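Colleague: My structure is below; once you've seen it, I'll send some questions.
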Amino acid sequence: MLHILEKSLMATSFYRPTPGLLAALCLSLLNLISVPYAHASEVAMPPASGSLVIIGGALRGDNAAVWQTIIQQAGGKGAKIAVIPAAAANPERSGNASAANLNRYGASAFVLPLSVKYTDRHVQEVARDPQWIEAIKQSNGVYFTGGDQGRIVQALMQKDGTRTPLLEAIWALYQRGGVIAGSSAGAAIMSSTMFYDAKAVLPTLQYGVTDGKEIADGLGFIGKQVFIDQHLIIRGRFARMLPVMLKKNYQLGLGIDENTAMLITNQNEVEIIGYKGAILIDLSEAKTDAKEPRFNLSNAAISYLDRGDKFNLTSKVITPSADKLSGKVNPSLPASEEQRFYPDILANTTVADLLFHLIDSRQQQAIGLAFGSSQEPLAEQGFEFKFSKNAESAGYYSSSSGAEAYTVMRIRLDIRPVKMQLPLYR
């Protein structure tokens, strides 16, 4: 939008482009324009001219790409960034460590002491303190540490459900073009709904989710159309997004892995940065069987976005990283002839391994199962995950890093409840 405004205004002889003026004009237009969500391809524009850096957790201090992206989005070297350790069990230690990492890469970061864990100050007093509100006004970035996302919401929302003055200042920072970054718990708050007291993945499928228990309101910086989850691939969490997305009518879900980030700009462009990648779920064509009381899903689309890949939230176009553009997978010349079966699809990294193999093999479908321990209440009840290639599926690969890296586009996903005969073996 800024680009369009600038191009239009350049025609006037009096116009001299400044970031502040462009941001203000963009915000004014966004306040005037309301686009209802009427079709699967319509995704609301982000509510601000700033950017988001959403990190899947376990961000290493040596991950220069992610730390530098945060600083760049805040204005570059010397950018003033407020670190908010509200989620952390030990906010002083977590806040200081995050500020030190930001400063190591050139920021001017400081810790804003907002946390229910501090015993020498009341969290709501800090959230109303003019000193800290002014500090946010003078900053161009905010970084939320990991921990318990419920503590962030508790610290920044008032009991009547309205924003504290500090949260209003954070939103104003975002609206004027600043960056909001967060890792783990700091990523969970980015969507309008977040996991709150989440069960493990399989029980989430078996029992569903309830507002105020497993899920609660997040802070919603990314808007209302995209659900965010974190620690996704390494902890086998891709499937736990699905019950939430269906319950809350999300069309798109983005789950980011550890030590990896998604940069989301106000042009609705997502770019993967860091160590690994992200899982993209699209439910715009998906259906469920209402006659089946247990969780089920058909015709969902699942994709894997690798580092350097981009995805547009409006057009839903995936653009592979530059090093993969010449490496499109040729279905007639697959890398593997092996037919694989996945007895525990919810195991760590398994879904990514499945997608990589499926897109570059002669196998047209891959089946994965999800069952719990024989000692659990619903031990015999599980789920079959069927992944299928179709006309929309495509893959790209690169070996430039020394290991094969894949981008996998739009594999069909169908999930049905199944029962296991126990005992499984004697």
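Every chain in the structure tokens takes a letter, A first, then B, and so on in the order presented; its residues are numbered from 1, and the ligands are numbered from 1 following the presented order.
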Check which residues of segment 82-152 of chain A sit at most 6 Å from segment 180-187 of chain A using only C-alpha atoms, and return one row each with the closest pair of atoms and their distance in Å to one decimal, ordered by chain and rising number, as CSV.

Modeller:
```
residue,atom,partner,partner_atom,distance
A:Gly141,CA,A:Ile180,CA,5.9
A:Val142,CA,A:Ile180,CA,5.1
A:Tyr143,CA,A:Ala181,CA,4.7
A:Phe144,CA,A:Gly182,CA,4.4
A:Thr145,CA,A:Ser183,CA,5.6
A:Gly146,CA,A:Ala185,CA,4.6
A:Gly147,CA,A:Ala185,CA,5.4
A:Asp148,CA,A:Ala185,CA,5.6
A:Gln149,CA,A:Ala185,CA,4.4
```

Colleague: Fewer than 3 positions away in the same chain doesn't count, so skip those; otherwise give me all residues within 9 Å of segment 116-130 of chain A, counting only C-alpha atoms, as a PDB file with all heavy atoms, in the first residue's frame.

Modeller:
```
ATOM      1  N   ALA A  86       7.290 -10.734  29.856  1.00  0.00           N
ATOM      2  CA  ALA A  86       6.095 -11.053  30.637  1.00  0.00           C
ATOM      3  C   ALA A  86       5.800 -12.544  30.693  1.00  0.00           C
ATOM      4  O   ALA A  86       5.229 -13.036  31.665  1.00  0.00           O
ATOM      5  CB  ALA A  86       4.888 -10.303  30.063  1.00  0.00           C
ATOM      6  N   ALA A  87       6.160 -13.290  29.654  1.00  0.00           N
ATOM      7  CA  ALA A  87       5.835 -14.721  29.607  1.00  0.00           C
ATOM      8  C   ALA A  87       6.777 -15.577  30.439  1.00  0.00           C
ATOM      9  O   ALA A  87       6.429 -16.696  30.821  1.00  0.00           O
ATOM     10  CB  ALA A  87       5.853 -15.207  28.159  1.00  0.00           C
ATOM     11  N   ALA A  88       7.969 -15.078  30.725  1.00  0.00           N
ATOM     12  CA  ALA A  88       9.042 -15.897  31.265  1.00  0.00           C
ATOM     13  C   ALA A  88       8.815 -16.277  32.725  1.00  0.00           C
ATOM     14  O   ALA A  88       8.267 -15.507  33.519  1.00  0.00           O
ATOM     15  CB  ALA A  88      10.372 -15.170  31.129  1.00  0.00           C
ATOM     16  N   ALA A  89       9.282 -17.462  33.091  1.00  0.00           N
ATOM     17  CA  ALA A  89       9.261 -17.884  34.490  1.00  0.00           C
ATOM     18  C   ALA A  89      10.254 -17.072  35.300  1.00  0.00           C
ATOM     19  O   ALA A  89      10.031 -16.786  36.481  1.00  0.00           O
ATOM     20  CB  ALA A  89       9.569 -19.373  34.595  1.00  0.00           C
ATOM     21  N   ASN A  90      11.383 -16.703  34.680  1.00  0.00           N
ATOM     22  CA  ASN A  90      12.380 -15.837  35.295  1.00  0.00           C
ATOM     23  C   ASN A  90      12.540 -14.625  34.382  1.00  0.00           C
ATOM     24  O   ASN A  90      13.414 -14.596  33.514  1.00  0.00           O
ATOM     25  CB  ASN A  90      13.705 -16.576  35.465  1.00  0.00           C
ATOM     26  CG  ASN A  90      14.735 -15.765  36.250  1.00  0.00           C
ATOM     27  OD1 ASN A  90      14.759 -14.542  36.185  1.00  0.00           O
ATOM     28  ND2 ASN A  90      15.577 -16.466  36.988  1.00  0.00           N
ATOM     29  N   PRO A  91      11.688 -13.610  34.553  1.00  0.00           N
ATOM     30  CA  PRO A  91      11.674 -12.503  33.580  1.00  0.00           C
ATOM     31  C   PRO A  91      12.974 -11.706  33.544  1.00  0.00           C
ATOM     32  O   PRO A  91      13.375 -11.238  32.482  1.00  0.00           O
ATOM     33  CB  PRO A  91      10.507 -11.645  34.051  1.00  0.00           C
ATOM     34  CG  PRO A  91      10.275 -12.024  35.471  1.00  0.00           C
ATOM     35  CD  PRO A  91      10.650 -13.456  35.581  1.00  0.00           C
ATOM     36  N   GLU A  92      13.624 -11.556  34.689  1.00  0.00           N
ATOM     37  CA  GLU A  92      14.866 -10.784  34.691  1.00  0.00           C
ATOM     38  C   GLU A  92      15.936 -11.474  33.848  1.00  0.00           C
ATOM     39  O   GLU A  92      16.591 -10.844  33.005  1.00  0.00           O
ATOM     40  CB  GLU A  92      15.354 -10.601  36.129  1.00  0.00           C
ATOM     41  CG  GLU A  92      16.597  -9.720  36.221  1.00  0.00           C
ATOM     42  CD  GLU A  92      16.985  -9.415  37.661  1.00  0.00           C
ATOM     43  OE1 GLU A  92      16.340  -9.962  38.585  1.00  0.00           O
ATOM     44  OE2 GLU A  92      17.940  -8.640  37.852  1.00  0.00           O
ATOM     45  N   LEU A 112      11.802  -3.912  29.481  1.00  0.00           N
ATOM     46  CA  LEU A 112      10.647  -3.260  30.087  1.00  0.00           C
ATOM     47  C   LEU A 112      10.109  -4.227  31.148  1.00  0.00           C
ATOM     48  O   LEU A 112       9.639  -5.309  30.798  1.00  0.00           O
ATOM     49  CB  LEU A 112       9.595  -2.951  29.023  1.00  0.00           C
ATOM     50  CG  LEU A 112       8.506  -1.935  29.386  1.00  0.00           C
ATOM     51  CD1 LEU A 112       7.885  -1.366  28.114  1.00  0.00           C
ATOM     52  CD2 LEU A 112       7.428  -2.534  30.262  1.00  0.00           C
ATOM     53  N   PRO A 113      10.170  -3.889  32.440  1.00  0.00           N
ATOM     54  CA  PRO A 113       9.907  -4.856  33.510  1.00  0.00           C
ATOM     55  C   PRO A 113       8.426  -5.135  33.727  1.00  0.00           C
ATOM     56  O   PRO A 113       7.850  -4.819  34.772  1.00  0.00           O
ATOM     57  CB  PRO A 113      10.535  -4.188  34.727  1.00  0.00           C
ATOM     58  CG  PRO A 113      10.375  -2.726  34.464  1.00  0.00           C
ATOM     59  CD  PRO A 113      10.561  -2.572  32.975  1.00  0.00           C
ATOM     60  N   ILE A 133       5.251   3.850  29.048  1.00  0.00           N
ATOM     61  CA  ILE A 133       4.460   4.183  27.860  1.00  0.00           C
ATOM     62  C   ILE A 133       5.265   5.102  26.947  1.00  0.00           C
ATOM     63  O   ILE A 133       5.306   4.920  25.717  1.00  0.00           O
ATOM     64  CB  ILE A 133       3.125   4.829  28.271  1.00  0.00           C
ATOM     65  CG1 ILE A 133       2.259   3.789  29.001  1.00  0.00           C
ATOM     66  CG2 ILE A 133       2.390   5.381  27.057  1.00  0.00           C
ATOM     67  CD1 ILE A 133       1.053   4.370  29.686  1.00  0.00           C
ATOM     68  N   GLU A 134       5.943   6.070  27.542  1.00  0.00           N
ATOM     69  CA  GLU A 134       6.783   6.974  26.760  1.00  0.00           C
ATOM     70  C   GLU A 134       7.953   6.221  26.135  1.00  0.00           C
ATOM     71  O   GLU A 134       8.362   6.509  24.993  1.00  0.00           O
ATOM     72  CB  GLU A 134       7.287   8.103  27.649  1.00  0.00           C
ATOM     73  CG  GLU A 134       8.155   9.138  26.926  1.00  0.00           C
ATOM     74  CD  GLU A 134       7.406   9.862  25.807  1.00  0.00           C
ATOM     75  OE1 GLU A 134       6.163   9.977  25.878  1.00  0.00           O
ATOM     76  OE2 GLU A 134       8.090  10.323  24.871  1.00  0.00           O
ATOM     77  N   ALA A 135       8.506   5.228  26.866  1.00  0.00           N
ATOM     78  CA  ALA A 135       9.612   4.440  26.322  1.00  0.00           C
ATOM     79  C   ALA A 135       9.173   3.698  25.060  1.00  0.00           C
ATOM     80  O   ALA A 135       9.942   3.588  24.094  1.00  0.00           O
ATOM     81  CB  ALA A 135      10.112   3.457  27.369  1.00  0.00           C
ATOM     82  N   ARG A 151       0.512 -15.330  30.489  1.00  0.00           N
ATOM     83  CA  ARG A 151       1.045 -14.247  31.317  1.00  0.00           C
ATOM     84  C   ARG A 151       1.144 -12.938  30.532  1.00  0.00           C
ATOM     85  O   ARG A 151       0.996 -11.853  31.099  1.00  0.00           O
ATOM     86  CB  ARG A 151       2.417 -14.624  31.861  1.00  0.00           C
ATOM     87  CG  ARG A 151       2.426 -15.788  32.830  1.00  0.00           C
ATOM     88  CD  ARG A 151       3.801 -15.929  33.486  1.00  0.00           C
ATOM     89  NE  ARG A 151       3.926 -17.203  34.190  1.00  0.00           N
ATOM     90  CZ  ARG A 151       4.819 -18.132  33.940  1.00  0.00           C
ATOM     91  NH1 ARG A 151       5.704 -17.936  32.958  1.00  0.00           N
ATOM     92  NH2 ARG A 151       4.876 -19.246  34.633  1.00  0.00           N
ATOM     93  N   ILE A 152       1.425 -13.035  29.231  1.00  0.00           N
ATOM     94  CA  ILE A 152       1.504 -11.821  28.408  1.00  0.00           C
ATOM     95  C   ILE A 152       0.141 -11.147  28.344  1.00  0.00           C
ATOM     96  O   ILE A 152       0.005  -9.936  28.553  1.00  0.00           O
ATOM     97  CB  ILE A 152       2.000 -12.141  26.993  1.00  0.00           C
ATOM     98  CG1 ILE A 152       3.390 -12.786  27.030  1.00  0.00           C
ATOM     99  CG2 ILE A 152       2.029 -10.866  26.135  1.00  0.00           C
ATOM    100  CD1 ILE A 152       3.912 -13.212  25.679  1.00  0.00           C
ATOM    101  N   GLN A 154      -2.365 -11.575  30.385  1.00  0.00           N
ATOM    102  CA  GLN A 154      -2.725 -11.133  31.735  1.00  0.00           C
ATOM    103  C   GLN A 154      -2.088  -9.780  32.054  1.00  0.00           C
ATOM    104  O   GLN A 154      -2.701  -8.916  32.707  1.00  0.00           O
ATOM    105  CB  GLN A 154      -2.273 -12.175  32.762  1.00  0.00           C
ATOM    106  CG  GLN A 154      -2.627 -11.833  34.208  1.00  0.00           C
ATOM    107  CD  GLN A 154      -2.107 -12.877  35.187  1.00  0.00           C
ATOM    108  OE1 GLN A 154      -1.558 -13.914  34.783  1.00  0.00           O
ATOM    109  NE2 GLN A 154      -2.265 -12.616  36.470  1.00  0.00           N
ATOM    110  N   ALA A 155      -0.860  -9.580  31.587  1.00  0.00           N
ATOM    111  CA  ALA A 155      -0.140  -8.345  31.881  1.00  0.00           C
ATOM    112  C   ALA A 155      -0.613  -7.163  31.047  1.00  0.00           C
ATOM    113  O   ALA A 155      -0.569  -6.017  31.510  1.00  0.00           O
ATOM    114  CB  ALA A 155       1.356  -8.555  31.665  1.00  0.00           C
ATOM    115  N   LEU A 156      -1.073  -7.421  29.836  1.00  0.00           N
ATOM    116  CA  LEU A 156      -1.365  -6.332  28.903  1.00  0.00           C
ATOM    117  C   LEU A 156      -2.853  -6.067  28.678  1.00  0.00           C
ATOM    118  O   LEU A 156      -3.202  -5.049  28.070  1.00  0.00           O
ATOM    119  CB  LEU A 156      -0.691  -6.611  27.552  1.00  0.00           C
ATOM    120  CG  LEU A 156       0.822  -6.405  27.542  1.00  0.00           C
ATOM    121  CD1 LEU A 156       1.425  -6.888  26.236  1.00  0.00           C
ATOM    122  CD2 LEU A 156       1.173  -4.939  27.771  1.00  0.00           C
ATOM    123  N   MET A 157      -3.705  -6.950  29.127  1.00  0.00           N
ATOM    124  CA  MET A 157      -5.144  -6.729  29.008  1.00  0.00           C
ATOM    125  C   MET A 157      -5.736  -6.434  30.383  1.00  0.00           C
ATOM    126  O   MET A 157      -5.312  -7.007  31.387  1.00  0.00           O
ATOM    127  CB  MET A 157      -5.833  -7.948  28.399  1.00  0.00           C
ATOM    128  CG  MET A 157      -5.422  -8.255  26.975  1.00  0.00           C
ATOM    129  SD  MET A 157      -5.869  -6.964  25.782  1.00  0.00           S
ATOM    130  CE  MET A 157      -7.668  -7.099  25.825  1.00  0.00           C
ATOM    131  N   GLN A 158      -6.715  -5.549  30.426  1.00  0.00           N
ATOM    132  CA  GLN A 158      -7.399  -5.235  31.680  1.00  0.00           C
ATOM    133  C   GLN A 158      -8.504  -6.248  31.932  1.00  0.00           C
ATOM    134  O   GLN A 158      -8.926  -6.977  31.035  1.00  0.00           O
ATOM    135  CB  GLN A 158      -7.943  -3.809  31.626  1.00  0.00           C
ATOM    136  CG  GLN A 158      -6.836  -2.793  31.373  1.00  0.00           C
ATOM    137  CD  GLN A 158      -7.301  -1.362  31.392  1.00  0.00           C
ATOM    138  OE1 GLN A 158      -7.049  -0.638  32.339  1.00  0.00           O
ATOM    139  NE2 GLN A 158      -7.976  -0.942  30.330  1.00  0.00           N
ATOM    140  N   THR A 164      -4.623  -2.275  28.057  1.00  0.00           N
ATOM    141  CA  THR A 164      -3.957  -1.348  28.963  1.00  0.00           C
ATOM    142  C   THR A 164      -3.337  -0.218  28.149  1.00  0.00           C
ATOM    143  O   THR A 164      -3.122  -0.347  26.934  1.00  0.00           O
ATOM    144  CB  THR A 164      -2.843  -2.062  29.746  1.00  0.00           C
ATOM    145  OG1 THR A 164      -1.877  -2.558  28.807  1.00  0.00           O
ATOM    146  CG2 THR A 164      -3.401  -3.206  30.595  1.00  0.00           C
ATOM    147  N   PRO A 165      -3.016   0.907  28.784  1.00  0.00           N
ATOM    148  CA  PRO A 165      -2.333   1.986  28.056  1.00  0.00           C
ATOM    149  C   PRO A 165      -1.027   1.531  27.412  1.00  0.00           C
ATOM    150  O   PRO A 165      -0.676   2.006  26.320  1.00  0.00           O
ATOM    151  CB  PRO A 165      -2.093   3.036  29.148  1.00  0.00           C
ATOM    152  CG  PRO A 165      -3.200   2.814  30.131  1.00  0.00           C
ATOM    153  CD  PRO A 165      -3.409   1.328  30.149  1.00  0.00           C
ATOM    154  N   LEU A 166      -0.310   0.614  28.065  1.00  0.00           N
ATOM    155  CA  LEU A 166       0.938   0.129  27.476  1.00  0.00           C
ATOM    156  C   LEU A 166       0.675  -0.652  26.197  1.00  0.00           C
ATOM    157  O   LEU A 166       1.392  -0.494  25.196  1.00  0.00           O
ATOM    158  CB  LEU A 166       1.693  -0.748  28.481  1.00  0.00           C
ATOM    159  CG  LEU A 166       3.105  -1.175  28.068  1.00  0.00           C
ATOM    160  CD1 LEU A 166       4.023   0.033  27.948  1.00  0.00           C
ATOM    161  CD2 LEU A 166       3.678  -2.179  29.050  1.00  0.00           C
ATOM    162  N   LEU A 167      -0.350  -1.491  26.195  1.00  0.00           N
ATOM    163  CA  LEU A 167      -0.682  -2.233  24.982  1.00  0.00           C
ATOM    164  C   LEU A 167      -1.148  -1.285  23.876  1.00  0.00           C
ATOM    165  O   LEU A 167      -0.838  -1.498  22.701  1.00  0.00           O
ATOM    166  CB  LEU A 167      -1.753  -3.293  25.271  1.00  0.00           C
ATOM    167  CG  LEU A 167      -2.155  -4.167  24.084  1.00  0.00           C
ATOM    168  CD1 LEU A 167      -0.954  -4.841  23.443  1.00  0.00           C
ATOM    169  CD2 LEU A 167      -3.182  -5.218  24.504  1.00  0.00           C
TER     170      LEU A 167
END
```

Colleague: Looking at A:Thr69, A:Thr193, A:Lys419, A:Glu269, which one is nearest to Gly106 of chain A, with distances taken over only C-alpha atoms?

Modeller: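 Among the listed residues, A:Thr69 lies closest to Gly106 of chain A.
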
Colleague: Taking 6 positions as the minimum chain separation for residues in the same chain, which residues sit within 12 Å of Pro334 of chain A when counting only C-alpha atoms? Answer as JSON, numbers by chain.

Modeller: {"A": [328, 356, 357, 358, 359, 360, 361, 362, 363, 364, 395, 396, 397]}

Colleague: Next, write the just-selected residues to a file, as a PDB file, in the first residue's frame, keeping N, CA and C atoms as the atom set.

Modeller:
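After the write, out.pdb holds the following:
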```pdb
ATOM      1  N   LYS A 328      12.945 -27.564  -9.718  1.00  0.00           N
ATOM      2  CA  LYS A 328      11.591 -28.084  -9.587  1.00  0.00           C
ATOM      3  C   LYS A 328      11.602 -29.606  -9.706  1.00  0.00           C
ATOM      4  N   PHE A 356       8.595 -34.325   2.339  1.00  0.00           N
ATOM      5  CA  PHE A 356       9.784 -34.316   1.479  1.00  0.00           C
ATOM      6  C   PHE A 356       9.840 -35.585   0.625  1.00  0.00           C
ATOM      7  N   HIS A 357       9.594 -36.728   1.259  1.00  0.00           N
ATOM      8  CA  HIS A 357       9.666 -37.988   0.517  1.00  0.00           C
ATOM      9  C   HIS A 357       8.538 -38.093  -0.508  1.00  0.00           C
ATOM     10  N   LEU A 358       7.321 -37.747  -0.098  1.00  0.00           N
ATOM     11  CA  LEU A 358       6.167 -37.916  -0.976  1.00  0.00           C
ATOM     12  C   LEU A 358       6.305 -37.100  -2.254  1.00  0.00           C
ATOM     13  N   ILE A 359       6.768 -35.858  -2.132  1.00  0.00           N
ATOM     14  CA  ILE A 359       6.814 -34.992  -3.302  1.00  0.00           C
ATOM     15  C   ILE A 359       7.887 -35.422  -4.294  1.00  0.00           C
ATOM     16  N   ASP A 360       8.890 -36.185  -3.831  1.00  0.00           N
ATOM     17  CA  ASP A 360      10.000 -36.561  -4.705  1.00  0.00           C
ATOM     18  C   ASP A 360      10.145 -38.077  -4.803  1.00  0.00           C
ATOM     19  N   SER A 361       8.991 -38.757  -4.874  1.00  0.00           N
ATOM     20  CA  SER A 361       8.991 -40.213  -5.032  1.00  0.00           C
ATOM     21  C   SER A 361       7.836 -40.619  -5.947  1.00  0.00           C
ATOM     22  N   ARG A 362       7.824 -41.906  -6.324  1.00  0.00           N
ATOM     23  CA  ARG A 362       6.707 -42.391  -7.132  1.00  0.00           C
ATOM     24  C   ARG A 362       5.454 -42.625  -6.292  1.00  0.00           C
ATOM     25  N   GLN A 363       5.596 -42.609  -5.006  1.00  0.00           N
ATOM     26  CA  GLN A 363       4.463 -42.804  -4.111  1.00  0.00           C
ATOM     27  C   GLN A 363       3.454 -41.666  -4.302  1.00  0.00           C
ATOM     28  N   GLN A 364       2.200 -42.019  -4.534  1.00  0.00           N
ATOM     29  CA  GLN A 364       1.155 -41.025  -4.757  1.00  0.00           C
ATOM     30  C   GLN A 364       0.409 -40.659  -3.482  1.00  0.00           C
ATOM     31  N   GLY A 395       6.796 -29.486  -6.010  1.00  0.00           N
ATOM     32  CA  GLY A 395       7.930 -29.443  -5.102  1.00  0.00           C
ATOM     33  C   GLY A 395       9.143 -28.817  -5.758  1.00  0.00           C
ATOM     34  N   TYR A 396       9.974 -28.199  -4.927  1.00  0.00           N
ATOM     35  CA  TYR A 396      11.228 -27.615  -5.372  1.00  0.00           C
ATOM     36  C   TYR A 396      12.308 -28.038  -4.387  1.00  0.00           C
ATOM     37  N   TYR A 397      13.532 -28.170  -4.866  1.00  0.00           N
ATOM     38  CA  TYR A 397      14.603 -28.573  -3.976  1.00  0.00           C
ATOM     39  C   TYR A 397      15.883 -27.812  -4.298  1.00  0.00           C
TER      40      TYR A 397
END
```

Colleague: Compare A:Ser388, A:Lys324, A:Tyr425, A:Gln339 by their minimum atom-to-atom distance to Ser374 of chain A, counting only C-alpha atoms, and give me the closest one.

Modeller: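 Distance minimum relative to Ser374 of chain A lands on A:Tyr425.
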
Colleague: Give me, as number ranges by chain, the residues of segment 366-408 of chain A that a backbone DSSP run labels strand (DSSP E or B).

Modeller: A: 366-370, 381-388, 394-398, 405-408

Colleague: Write out as a list in words which residues come within 8 Å of Glu271 of chain A when counting only C-alpha atoms, dropping same-chain ones fewer than 6 positions away.

Modeller: Met262, Leu263, Ile264, Arg307, Gly308, Asp309, Lys310 and Phe311 of chain A

Colleague: Just C-alpha atoms for this one: save the residues we selected as a PDB file, in the first residue's frame.

Modeller:
```pdb
ATOM      1  CA  MET A 262       8.377 -15.746   9.761  1.00  0.00           C
ATOM      2  CA  LEU A 263       8.756 -12.140   8.662  1.00  0.00           C
ATOM      3  CA  ILE A 264       5.312 -10.770   7.807  1.00  0.00           C
ATOM      4  CA  ARG A 307      13.867 -20.848   4.710  1.00  0.00           C
ATOM      5  CA  GLY A 308      13.946 -18.209   2.005  1.00  0.00           C
ATOM      6  CA  ASP A 309      10.510 -19.197   0.721  1.00  0.00           C
ATOM      7  CA  LYS A 310       7.716 -16.637   0.544  1.00  0.00           C
ATOM      8  CA  PHE A 311       3.952 -16.887   0.802  1.00  0.00           C
TER       9      PHE A 311
END
```

Colleague: Could you tell me which of A:Tyr406, A:Ala107, A:Val329, A:Val226 comes closest to Asp282 of chain A if we count only C-alpha atoms?

Modeller: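 Answer, going by the shortest atom-to-atom distance: A:Val226.
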
Colleague: Name the closest residue to Ile228 of chain A among the candidates A:Gln251, A:Ser321, A:Gln68, A:Thr210; distances are taken between atoms, counting only C-alpha atoms.

Modeller: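 Closest to Ile228 of chain A, using only C-alpha atoms: A:Gln251.
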
Colleague: DSSP on the backbone, then: every residue of segment 192-291 of chain A marked helix (DSSP H, G or I), written as a list in words.

Modeller: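 Selection result, helix (DSSP H, G or I) within segment 192-291 of chain A: Val201, Leu202, Pro203, Thr204, Leu205, Gln206, Tyr207, Phe238, Ala239, Arg240, Met241, Leu242, Pro243, Val244, Met245, Leu246, Lys247 and Lys248 of chain A.
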
Colleague: With only C-alpha atoms as the atoms that count, which of A:Ile189, A:Arg104, A:Asp211, A:Ala82 lies nearest to Lys137 of chain A?

Modeller: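 The closest residue to Lys137 of chain A is A:Ala82.
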
Colleague: What does the distance from atom CA of Arg416 of chain A to atom CA of Phe383 of chain A come to in Å, to one decimal?

Modeller: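 We find that atom CA of Arg416 of chain A and atom CA of Phe383 of chain A lie 5.6 Å from each other.
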
Colleague: Calculated over only C-alpha atoms, which of the candidates A:Ser373, A:Thr319, A:Asn299, A:Gln73 has the smallest distance to Ile415 of chain A?

Modeller: A:Asn299

Colleague: Have a look at atom CA of Val351 of chain A and atom CA of Gly368 of chain A and let me know their distance in Å, one decimal.

Modeller: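 Computing it gives 8.7 Å between the two atoms.
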
Colleague: Can you pull out the residues contacting Leu283 of chain A? Cut-off 7 Å, using only C-alpha atoms, and skip same-chain residues under 6 positions away; I want them as a PyMOL selection string.

Modeller: chain A and resi 251-252+300-301

Colleague: Excluding Phe387 of chain A and residues on its chain fewer than 6 positions from it, collect all residues at most 9 Å away from it, counting only C-alpha atoms, and give them as a list in words.

Modeller: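 That gives Ile302, Leu354, Leu355, Leu358, Gln364, Gln365, Ala366, Ile367, Gly368, Ile411, Arg412, Leu413, Asp414 and Ile415 of chain A.
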